[in-house]
$ cat start07.cif   # mmCIF, C-alpha atoms
data_input
loop_
_atom_site.label_atom_id
_atom_site.label_comp_id
_atom_site.auth_asym_id
_atom_site.auth_seq_id
_atom_site.Cartn_x
_atom_site.Cartn_y
_atom_site.Cartn_z
CA MET A 1 -29.77 14.59 22.92
CA LYS A 2 -28.45 13.02 19.71
CA ILE A 3 -28.06 9.21 19.70
CA PHE A 4 -26.15 7.50 16.89
CA GLU A 5 -25.74 3.80 16.15
CA LYS A 6 -23.62 4.17 13.00
CA GLN A 7 -20.20 5.74 12.85
CA ALA A 8 -20.87 7.29 9.46
CA ASP A 9 -23.86 9.22 10.85
CA LEU A 10 -21.93 10.31 13.93
CA THR A 11 -18.93 11.49 11.91
CA LEU A 12 -21.16 13.45 9.55
CA TYR A 13 -22.94 15.15 12.45
CA VAL A 14 -19.72 16.02 14.31
CA LYS A 15 -18.29 17.57 11.13
CA SER A 16 -21.48 19.58 10.63
CA VAL A 17 -21.29 21.20 14.08
CA SER A 18 -17.51 21.62 14.25
CA LYS A 19 -16.03 25.04 13.65
CA THR A 20 -12.51 26.46 13.89
CA HIS A 21 -12.51 26.83 17.67
CA THR A 22 -14.80 23.90 18.51
CA SER A 23 -13.49 21.43 21.07
CA ILE A 24 -14.87 17.91 21.40
CA GLY A 25 -14.71 16.02 24.67
CA PHE A 26 -15.00 12.24 24.55
CA VAL A 27 -15.96 9.79 27.30
CA PRO A 28 -15.62 6.16 26.15
CA THR A 29 -17.57 3.65 28.27
CA MET A 30 -19.01 0.16 28.18
CA GLY A 31 -22.29 1.39 29.63
CA ALA A 32 -23.92 0.30 32.90
CA LEU A 33 -23.23 3.87 33.93
CA HIS A 34 -22.64 5.01 37.49
CA GLU A 35 -21.69 8.27 39.20
CA GLY A 36 -18.05 7.82 38.23
CA HIS A 37 -18.96 7.88 34.54
CA LEU A 38 -21.20 10.90 35.08
CA SER A 39 -18.33 12.74 36.77
CA LEU A 40 -16.29 12.26 33.57
CA LEU A 41 -19.20 13.70 31.59
CA ARG A 42 -19.37 16.74 33.85
CA GLU A 43 -15.65 17.31 33.45
CA SER A 44 -15.94 17.07 29.68
CA THR A 45 -18.96 19.35 29.36
CA ALA A 46 -17.19 21.96 31.50
CA GLN A 47 -14.10 21.94 29.28
CA ASN A 48 -15.44 21.44 25.75
CA THR A 49 -17.94 22.79 23.22
CA PHE A 50 -19.45 19.35 22.64
CA THR A 51 -19.20 16.02 24.44
CA VAL A 52 -19.55 12.56 22.92
CA MET A 53 -20.08 9.50 25.13
CA SER A 54 -19.73 6.05 23.60
CA ILE A 55 -21.57 3.06 25.05
CA PHE A 56 -20.05 -0.11 23.65
CA VAL A 57 -19.23 -3.44 25.29
CA ASN A 58 -16.02 -4.24 23.45
CA PRO A 59 -15.62 -7.99 22.87
CA THR A 60 -11.91 -7.93 22.04
CA GLN A 61 -10.85 -6.84 25.53
CA PHE A 62 -12.54 -9.78 27.29
CA ASN A 63 -10.40 -12.86 27.74
CA ASN A 64 -13.25 -14.55 29.66
CA PRO A 65 -16.31 -15.28 27.42
CA GLU A 66 -18.56 -15.67 30.49
CA ASP A 67 -17.56 -12.22 31.74
CA LEU A 68 -18.45 -10.74 28.33
CA GLU A 69 -21.81 -12.51 28.32
CA LYS A 70 -22.72 -11.36 31.83
CA TYR A 71 -21.48 -7.77 31.49
CA PRO A 72 -24.45 -5.46 32.24
CA ARG A 73 -26.13 -3.90 29.20
CA THR A 74 -28.52 -1.14 30.30
CA LEU A 75 -28.79 1.35 27.44
CA ASP A 76 -32.19 2.81 28.36
CA SER A 77 -31.24 3.56 31.96
CA ASP A 78 -27.81 4.79 30.78
CA ILE A 79 -29.47 7.39 28.55
CA ALA A 80 -31.70 8.50 31.42
CA LYS A 81 -28.62 9.01 33.61
CA ILE A 82 -26.83 10.95 30.88
CA LYS A 83 -29.79 13.32 30.65
CA THR A 84 -29.33 14.21 34.34
CA VAL A 85 -25.99 15.77 33.35
CA SER A 86 -27.07 17.42 30.09
CA ASP A 87 -29.50 17.04 27.20
CA ASP A 88 -26.74 18.11 24.85
CA ILE A 89 -24.55 14.99 25.15
CA ILE A 90 -23.97 13.15 21.87
CA VAL A 91 -24.31 9.39 22.45
CA TYR A 92 -22.65 6.80 20.22
CA ALA A 93 -24.08 3.32 20.88
CA PRO A 94 -22.82 1.15 18.01
CA THR A 95 -23.08 -2.54 17.22
CA VAL A 96 -20.00 -4.75 17.09
CA ASP A 97 -20.23 -4.81 13.29
CA ASP A 98 -20.32 -1.02 13.09
CA ILE A 99 -17.07 -0.79 15.06
CA TYR A 100 -15.24 -3.77 13.60
CA GLN A 101 -16.77 -3.93 10.12
CA GLY A 102 -17.08 -7.71 10.22
CA LYS A 103 -13.50 -8.30 11.46
CA THR A 104 -13.77 -8.61 15.23
CA GLN A 105 -10.16 -9.01 16.24
CA SER A 106 -7.47 -6.96 17.95
CA GLU A 107 -4.50 -5.19 16.55
CA HIS A 108 -1.21 -5.90 18.32
CA PHE A 109 0.31 -3.00 20.24
CA ASP A 110 3.66 -2.34 21.87
CA PHE A 111 3.06 -0.20 24.94
CA ASP A 112 6.72 -0.29 26.02
CA GLY A 113 6.04 -3.04 28.54
CA LEU A 114 3.14 -1.38 30.37
CA GLU A 115 0.87 -4.11 29.01
CA HIS A 116 2.83 -6.93 30.66
CA GLN A 117 2.23 -5.88 34.26
CA MET A 118 -0.69 -6.71 36.58
CA GLU A 119 -3.85 -6.83 34.44
CA GLY A 120 -1.73 -7.87 31.47
CA GLN A 121 -0.45 -10.91 33.36
CA PHE A 122 -3.91 -12.16 34.27
CA ARG A 123 -5.91 -11.06 31.21
CA PRO A 124 -3.96 -12.10 28.08
CA GLY A 125 -4.71 -9.89 25.10
CA HIS A 126 -6.76 -7.45 27.17
CA TYR A 127 -4.75 -4.35 26.36
CA ASP A 128 -4.53 -5.17 22.66
CA GLY A 129 -8.34 -5.13 22.76
CA VAL A 130 -8.39 -1.85 24.69
CA GLY A 131 -5.89 -0.23 22.33
CA THR A 132 -7.81 -1.45 19.28
CA VAL A 133 -11.20 -0.08 20.33
CA VAL A 134 -9.89 3.20 21.76
CA LYS A 135 -7.90 3.86 18.57
CA LYS A 136 -10.97 3.13 16.43
CA LEU A 137 -13.16 5.37 18.60
CA PHE A 138 -10.63 8.22 18.41
CA GLU A 139 -10.64 7.89 14.63
CA ILE A 140 -14.44 8.03 14.55
CA VAL A 141 -14.99 10.85 17.08
CA SER A 142 -11.82 12.95 16.48
CA PRO A 143 -11.89 14.30 20.05
CA THR A 144 -9.90 17.22 21.39
CA ARG A 145 -9.80 15.63 24.85
CA ALA A 146 -10.70 12.16 26.16
CA TYR A 147 -11.55 11.34 29.78
CA PHE A 148 -10.70 8.15 31.67
CA GLY A 149 -11.19 7.22 35.32
CA GLU A 150 -8.14 6.51 37.49
CA LYS A 151 -9.66 3.30 38.86
CA ASP A 152 -8.27 1.67 35.71
CA PHE A 153 -4.96 3.46 36.19
CA GLN A 154 -2.98 0.94 34.15
CA GLN A 155 -5.42 1.43 31.27
CA LEU A 156 -5.05 5.21 31.63
CA GLN A 157 -1.26 4.94 31.32
CA ILE A 158 -1.57 2.59 28.34
CA VAL A 159 -3.91 4.95 26.49
CA LYS A 160 -1.50 7.82 27.15
CA LYS A 161 1.35 5.68 25.81
CA MET A 162 -0.62 4.79 22.66
CA VAL A 163 -1.40 8.46 22.01
CA GLU A 164 2.26 9.35 22.50
CA LYS A 165 3.62 6.60 20.24
CA LEU A 166 1.06 7.04 17.46
CA LYS A 167 1.16 10.86 17.79
CA LEU A 168 -2.62 11.07 18.00
CA PRO A 169 -4.01 14.63 18.33
CA VAL A 170 -5.96 14.10 21.55
CA GLU A 171 -5.29 15.11 25.16
CA ILE A 172 -5.85 12.30 27.67
CA ILE A 173 -7.26 13.40 31.02
CA GLY A 174 -7.38 11.15 34.08
CA CYS A 175 -10.18 11.77 36.59
CA PRO A 176 -10.47 10.76 40.27
CA ILE A 177 -12.05 7.49 41.43
CA TYR A 178 -15.66 7.74 42.61
CA ARG A 179 -16.52 5.50 45.55
CA GLU A 180 -19.61 4.05 47.22
CA SER A 181 -20.36 5.32 50.75
CA ASN A 182 -18.41 2.33 52.16
CA GLY A 183 -15.33 3.10 50.04
CA LEU A 184 -15.89 0.48 47.33
CA ALA A 185 -14.71 1.87 43.99
CA MET A 186 -17.67 2.43 41.68
CA SER A 187 -17.72 -0.09 38.85
CA SER A 188 -20.28 -1.40 36.40
CA ARG A 189 -19.55 -4.85 37.82
CA ASN A 190 -20.84 -3.73 41.22
CA GLN A 191 -24.34 -4.23 39.83
CA ARG A 192 -23.71 -7.97 39.98
CA LEU A 193 -22.82 -7.93 43.68
CA SER A 194 -25.39 -8.87 46.29
CA THR A 195 -26.02 -6.47 49.18
CA GLU A 196 -23.92 -8.67 51.45
CA GLN A 197 -21.08 -8.88 48.90
CA LYS A 198 -21.06 -5.08 48.57
CA LYS A 199 -20.62 -4.79 52.33
CA GLN A 200 -17.87 -7.40 52.28
CA ALA A 201 -16.07 -5.73 49.35
CA ALA A 202 -15.51 -2.58 51.43
CA ILE A 203 -12.44 -4.37 52.81
CA ILE A 204 -10.64 -3.75 49.50
CA TYR A 205 -10.39 0.02 49.92
CA LYS A 206 -9.88 -0.32 53.68
CA THR A 207 -6.88 -2.55 52.90
CA LEU A 208 -5.48 -0.03 50.41
CA LYS A 209 -5.69 2.78 52.96
CA THR A 210 -3.78 0.63 55.44
CA VAL A 211 -1.23 -0.17 52.71
CA LYS A 212 -0.64 3.56 52.22
CA SER A 213 0.11 3.95 55.92
CA LYS A 214 2.30 0.83 56.15
CA PHE A 215 4.33 1.70 53.04
CA LYS A 216 5.74 4.79 54.76
CA LYS A 217 7.73 2.60 57.20
CA ASN A 218 7.88 -0.83 55.54
CA SER A 219 9.27 -2.34 52.35
CA ALA A 220 7.02 -3.15 49.39
CA ASN A 221 7.64 -6.87 49.95
CA ALA A 222 6.61 -6.67 53.61
CA VAL A 223 3.44 -4.77 52.72
CA GLN A 224 2.63 -7.22 49.94
CA GLN A 225 2.99 -10.19 52.30
CA TRP A 226 0.69 -8.46 54.79
CA VAL A 227 -1.98 -8.04 52.09
CA VAL A 228 -1.68 -11.68 50.99
CA ASN A 229 -1.98 -12.89 54.59
CA SER A 230 -4.96 -10.61 55.22
CA PHE A 231 -6.97 -11.93 52.28
CA ASP A 232 -6.08 -15.53 53.10
CA LYS A 233 -8.21 -15.06 56.22
CA ILE A 234 -11.29 -13.76 54.39
CA PRO A 235 -13.78 -16.40 53.21
CA ASP A 236 -15.53 -15.92 49.86
CA MET A 237 -12.88 -13.48 48.65
CA LYS A 238 -9.85 -14.41 46.56
CA LEU A 239 -6.89 -12.10 46.01
CA GLU A 240 -5.78 -12.37 42.38
CA TYR A 241 -2.90 -9.94 42.69
CA PHE A 242 -1.55 -7.10 44.77
CA GLN A 243 1.31 -4.99 43.46
CA ILE A 244 3.16 -1.85 44.46
CA ALA A 245 4.57 -0.26 41.31
CA ASP A 246 5.97 3.04 40.10
CA GLU A 247 3.36 5.11 38.29
CA SER A 248 5.30 5.84 35.11
CA LYS A 249 6.54 2.40 34.03
CA LEU A 250 4.30 0.27 36.29
CA LEU A 251 7.29 -1.87 37.29
CA PRO A 252 7.14 -3.60 40.69
CA CYS A 253 8.81 -1.70 43.52
CA GLU A 254 11.82 -3.73 44.66
CA ARG A 255 13.54 -0.94 46.55
CA LYS A 256 12.03 2.46 47.30
CA SER A 257 13.36 5.46 45.40
CA LYS A 258 12.62 9.06 46.37
CA SER A 259 12.57 9.99 42.68
CA LYS A 260 9.59 7.73 41.92
CA LYS A 261 5.88 7.96 42.67
CA TYR A 262 4.39 4.66 43.77
CA ARG A 263 0.88 3.28 43.58
CA ALA A 264 -0.76 0.12 44.94
CA PHE A 265 -2.86 -2.02 42.58
CA ILE A 266 -5.21 -4.83 43.57
CA ALA A 267 -7.58 -7.31 41.94
CA VAL A 268 -9.95 -9.38 44.06
CA PHE A 269 -12.69 -11.89 43.34
CA VAL A 270 -15.79 -11.43 45.49
CA GLY A 271 -17.55 -14.68 44.73
CA GLN A 272 -17.38 -14.78 40.92
CA ILE A 273 -17.16 -10.99 40.48
CA ARG A 274 -13.73 -9.54 39.77
CA LEU A 275 -13.02 -6.08 41.19
CA ILE A 276 -9.97 -3.85 40.82
CA ASP A 277 -8.84 -0.80 42.76
CA THR A 278 -5.79 1.39 43.24
CA ILE A 279 -4.40 4.08 45.52
CA ALA A 280 -1.52 6.54 45.25
CA LEU A 281 1.12 6.00 47.93
CA TYR A 282 2.36 9.58 48.16
#
$ encode --input "start07.cif" --output "structure tokens"
Amino acid sequence: MKIFEKQADLTLYVKSVSKTHTSIGFVPTMGALHEGHLSLLRESTAQNTFTVMSIFVNPTQFNNPEDLEKYPRTLDSDIAKIKTVSDDIIVYAPTVDDIYQGKTQSEHFDFDGLEHQMEGQFRPGHYDGVGTVVKKLFEIVSPTRAYFGEKDFQQLQIVKKMVEKLKLPVEIIGCPIYRESNGLAMSSRNQRLSTEQKKQAAIIYKTLKTVKSKFKKNSANAVQQWVVNSFDKIPDMKLEYFQIADESKLLPCERKSKSKKYRAFIAVFVGQIRLIDTIALY
């Protein structure tokens, strides 16, 4: 396993091993790895000559300084988990200065309105931070394909939009959500949940499955009101948002259309821990 802290060293190494038909898979993460991340690695190693995984907690995508401070940083255990997939993974674990070169701020992006929905409403500047770091990482790694989990489906669509608008030479591949045995979507933030909170948080996915059933016979507004009412009755959990939106433009569903694919999105606080999840409604 090769581990790089400096982009110059990583770029030099990637160029040295790249040949005409070499393909490079890339899995960008913020560390605190779980089985969902490892599934992306497996997908990449199956489809590419080499795979690079970045481990970098990106400060520009956090609008909450406390969330940034408390975000798990577990590099040693992350590397041990990566080795269970393959010893041939190339790991890029840079410092903030190595990525931002002393100028830690976001570029501004126009994602054709995708950035204004859901997460964008509640996390100002978040997607400018995501776009900034993903663009920088693509420039450093020069991947053939990049892999993102569908749990952050809005982020997946935004990265695809950035690649399309900037004409970047990388294929973006979305991969299925990995879940705990109780249905809770795997997330690095789950490490901060107590055992009791993990049990309680199972209601999020259970709710989404019920939403999928209800949406077949009810309007989006009726389903949304049911979700709001349901979480109002649950102590120690706070619904931040629930939205049914079309997958392509992420606009709220006001009236169902057979020509559109819909998806439910949810963000919930379990105590002080913010969790998101999503489910396709088709």
$ resolve_selection --input "start07.cif" --expression "the PyMOL selection byres ((chain A and resi 266) around 10)" --output "list in words"
Met118, Glu119, Ile204, Tyr205, Thr207, Leu208, Val227, Leu239, Glu240, Tyr241, Phe242, Gln243, Ile244, Ala264, Phe265, Ala267, Val268, Leu275, Ile276, Asp277, Thr278 and Ile279 of chain A
$ resolve_selection --input "start07.cif" --expression "the PyMOL selection byres ((chain A and resi 103-113) around 12)" --output "PyMOL selection string"
chain A and resi 58-63+95-102+114-118+120-121+124-136+154-166+248-251
$ atom_distance --input "start07.cif" --atom1 "CA of Thr51 in chain A" --atom2 "CA of Ile82 in chain A"
11.2 Å
$ resolve_selection --input "start07.cif" --expression "the PyMOL selection byres ((chain A and resi 93) around 12)" --output "number ranges by chain"
A: 2-7, 9-10, 28-31, 52-58, 73-76, 78-79, 90-92, 94-99, 137
$ atom_distance --input "start07.cif" --atom1 "CA of Ala201 in chain A" --atom2 "CA of Leu41 in chain A"
26.5 Å
$ residues_around --input "start07.cif" --residues "Ala146 in chain A" --least-positions-apart "2" --cutoff "9 Å" --atoms "only C-alpha atoms" --output "short mmCIF file (atom, residue, chain, number, x, y, z; two decimals) with C-alpha atoms, in the frame of the given file"
data_model
loop_
_atom_site.label_atom_id
_atom_site.label_comp_id
_atom_site.auth_asym_id
_atom_site.auth_seq_id
_atom_site.Cartn_x
_atom_site.Cartn_y
_atom_site.Cartn_z
CA ILE A 24 -14.87 17.91 21.40
CA GLY A 25 -14.71 16.02 24.67
CA PHE A 26 -15.00 12.24 24.55
CA VAL A 27 -15.96 9.79 27.30
CA PRO A 28 -15.62 6.16 26.15
CA SER A 44 -15.94 17.07 29.68
CA PHE A 138 -10.63 8.22 18.41
CA PRO A 143 -11.89 14.30 20.05
CA THR A 144 -9.90 17.22 21.39
CA PHE A 148 -10.70 8.15 31.67
CA VAL A 170 -5.96 14.10 21.55
CA GLU A 171 -5.29 15.11 25.16
CA ILE A 172 -5.85 12.30 27.67
CA ILE A 173 -7.26 13.40 31.02
CA GLY A 174 -7.38 11.15 34.08
#
$ atom_distance --input "start07.cif" --atom1 "CA of Lys15 in chain A" --atom2 "CA of Pro169 in chain A"
16.3 Å
$ build_atoms --input "start07.cif" --residues "range 164-198 of chain A" --atoms "N, CA and C atoms" --output "compact mmCIF listing (two decimals), keeping the file's coordinate frame"
# COMPACT_ATOMS: atom_id res chain seq x y z
N GLU A 164 0.89 8.84 22.67
CA GLU A 164 2.26 9.35 22.50
C GLU A 164 2.96 8.67 21.33
N LYS A 165 2.88 7.34 21.26
CA LYS A 165 3.62 6.60 20.24
C LYS A 165 3.04 6.79 18.85
N LEU A 166 1.71 6.88 18.76
CA LEU A 166 1.06 7.04 17.46
C LEU A 166 0.86 8.51 17.10
N LYS A 167 1.29 9.41 18.02
CA LYS A 167 1.16 10.86 17.79
C LYS A 167 -0.27 11.26 17.43
N LEU A 168 -1.20 10.76 18.24
CA LEU A 168 -2.62 11.07 18.00
C LEU A 168 -2.94 12.46 18.58
N PRO A 169 -3.74 13.25 17.89
CA PRO A 169 -4.01 14.63 18.33
C PRO A 169 -5.13 14.72 19.35
N VAL A 170 -4.95 14.08 20.49
CA VAL A 170 -5.96 14.10 21.55
C VAL A 170 -5.26 14.18 22.90
N GLU A 171 -5.82 14.99 23.79
CA GLU A 171 -5.29 15.11 25.16
C GLU A 171 -6.02 14.11 26.06
N ILE A 172 -5.27 13.30 26.78
CA ILE A 172 -5.85 12.30 27.67
C ILE A 172 -5.88 12.85 29.09
N ILE A 173 -7.08 12.83 29.68
CA ILE A 173 -7.26 13.40 31.02
C ILE A 173 -7.75 12.32 31.98
N GLY A 174 -6.98 12.10 33.04
CA GLY A 174 -7.38 11.15 34.08
C GLY A 174 -8.21 11.85 35.15
N CYS A 175 -9.26 11.18 35.60
CA CYS A 175 -10.18 11.77 36.59
C CYS A 175 -10.26 10.88 37.83
N PRO A 176 -10.50 11.49 39.00
CA PRO A 176 -10.47 10.76 40.27
C PRO A 176 -11.49 9.61 40.34
N ILE A 177 -11.17 8.63 41.19
CA ILE A 177 -12.05 7.49 41.43
C ILE A 177 -13.27 7.95 42.24
N TYR A 178 -14.44 7.53 41.82
CA TYR A 178 -15.66 7.74 42.61
C TYR A 178 -15.92 6.48 43.41
N ARG A 179 -16.35 6.65 44.68
CA ARG A 179 -16.52 5.50 45.55
C ARG A 179 -17.93 5.45 46.15
N GLU A 180 -18.36 4.23 46.47
CA GLU A 180 -19.61 4.05 47.22
C GLU A 180 -19.39 4.62 48.63
N SER A 181 -20.47 4.75 49.39
CA SER A 181 -20.36 5.32 50.75
C SER A 181 -19.43 4.49 51.65
N ASN A 182 -19.28 3.18 51.34
CA ASN A 182 -18.41 2.33 52.16
C ASN A 182 -16.98 2.26 51.62
N GLY A 183 -16.68 3.06 50.58
CA GLY A 183 -15.33 3.10 50.04
C GLY A 183 -15.12 2.24 48.80
N LEU A 184 -16.03 1.34 48.50
CA LEU A 184 -15.89 0.48 47.33
C LEU A 184 -15.84 1.34 46.06
N ALA A 185 -14.83 1.12 45.24
CA ALA A 185 -14.71 1.87 43.99
C ALA A 185 -15.89 1.57 43.09
N MET A 186 -16.52 2.63 42.56
CA MET A 186 -17.67 2.43 41.68
C MET A 186 -17.23 1.72 40.41
N SER A 187 -18.02 0.72 40.03
CA SER A 187 -17.72 -0.09 38.85
C SER A 187 -19.02 -0.63 38.30
N SER A 188 -19.09 -0.80 37.00
CA SER A 188 -20.28 -1.40 36.40
C SER A 188 -20.50 -2.81 36.93
N ARG A 189 -19.43 -3.49 37.30
CA ARG A 189 -19.55 -4.85 37.82
C ARG A 189 -20.18 -4.89 39.21
N ASN A 190 -20.21 -3.76 39.89
CA ASN A 190 -20.84 -3.73 41.22
C ASN A 190 -22.31 -4.09 41.16
N GLN A 191 -22.93 -3.89 39.99
CA GLN A 191 -24.34 -4.23 39.83
C GLN A 191 -24.60 -5.72 40.03
N ARG A 192 -23.56 -6.52 39.84
CA ARG A 192 -23.71 -7.97 39.98
C ARG A 192 -23.47 -8.46 41.41
N LEU A 193 -23.06 -7.55 42.29
CA LEU A 193 -22.82 -7.93 43.68
C LEU A 193 -24.13 -7.93 44.47
N SER A 194 -24.26 -8.89 45.36
CA SER A 194 -25.39 -8.87 46.29
C SER A 194 -25.14 -7.80 47.34
N THR A 195 -26.16 -7.47 48.12
CA THR A 195 -26.02 -6.47 49.18
C THR A 195 -24.94 -6.89 50.16
N GLU A 196 -24.92 -8.17 50.51
CA GLU A 196 -23.92 -8.67 51.45
C GLU A 196 -22.52 -8.60 50.85
N GLN A 197 -22.39 -8.94 49.56
CA GLN A 197 -21.08 -8.88 48.90
C GLN A 197 -20.56 -7.44 48.82
N LYS A 198 -21.47 -6.49 48.61
CA LYS A 198 -21.06 -5.08 48.57
C LYS A 198 -20.48 -4.66 49.92
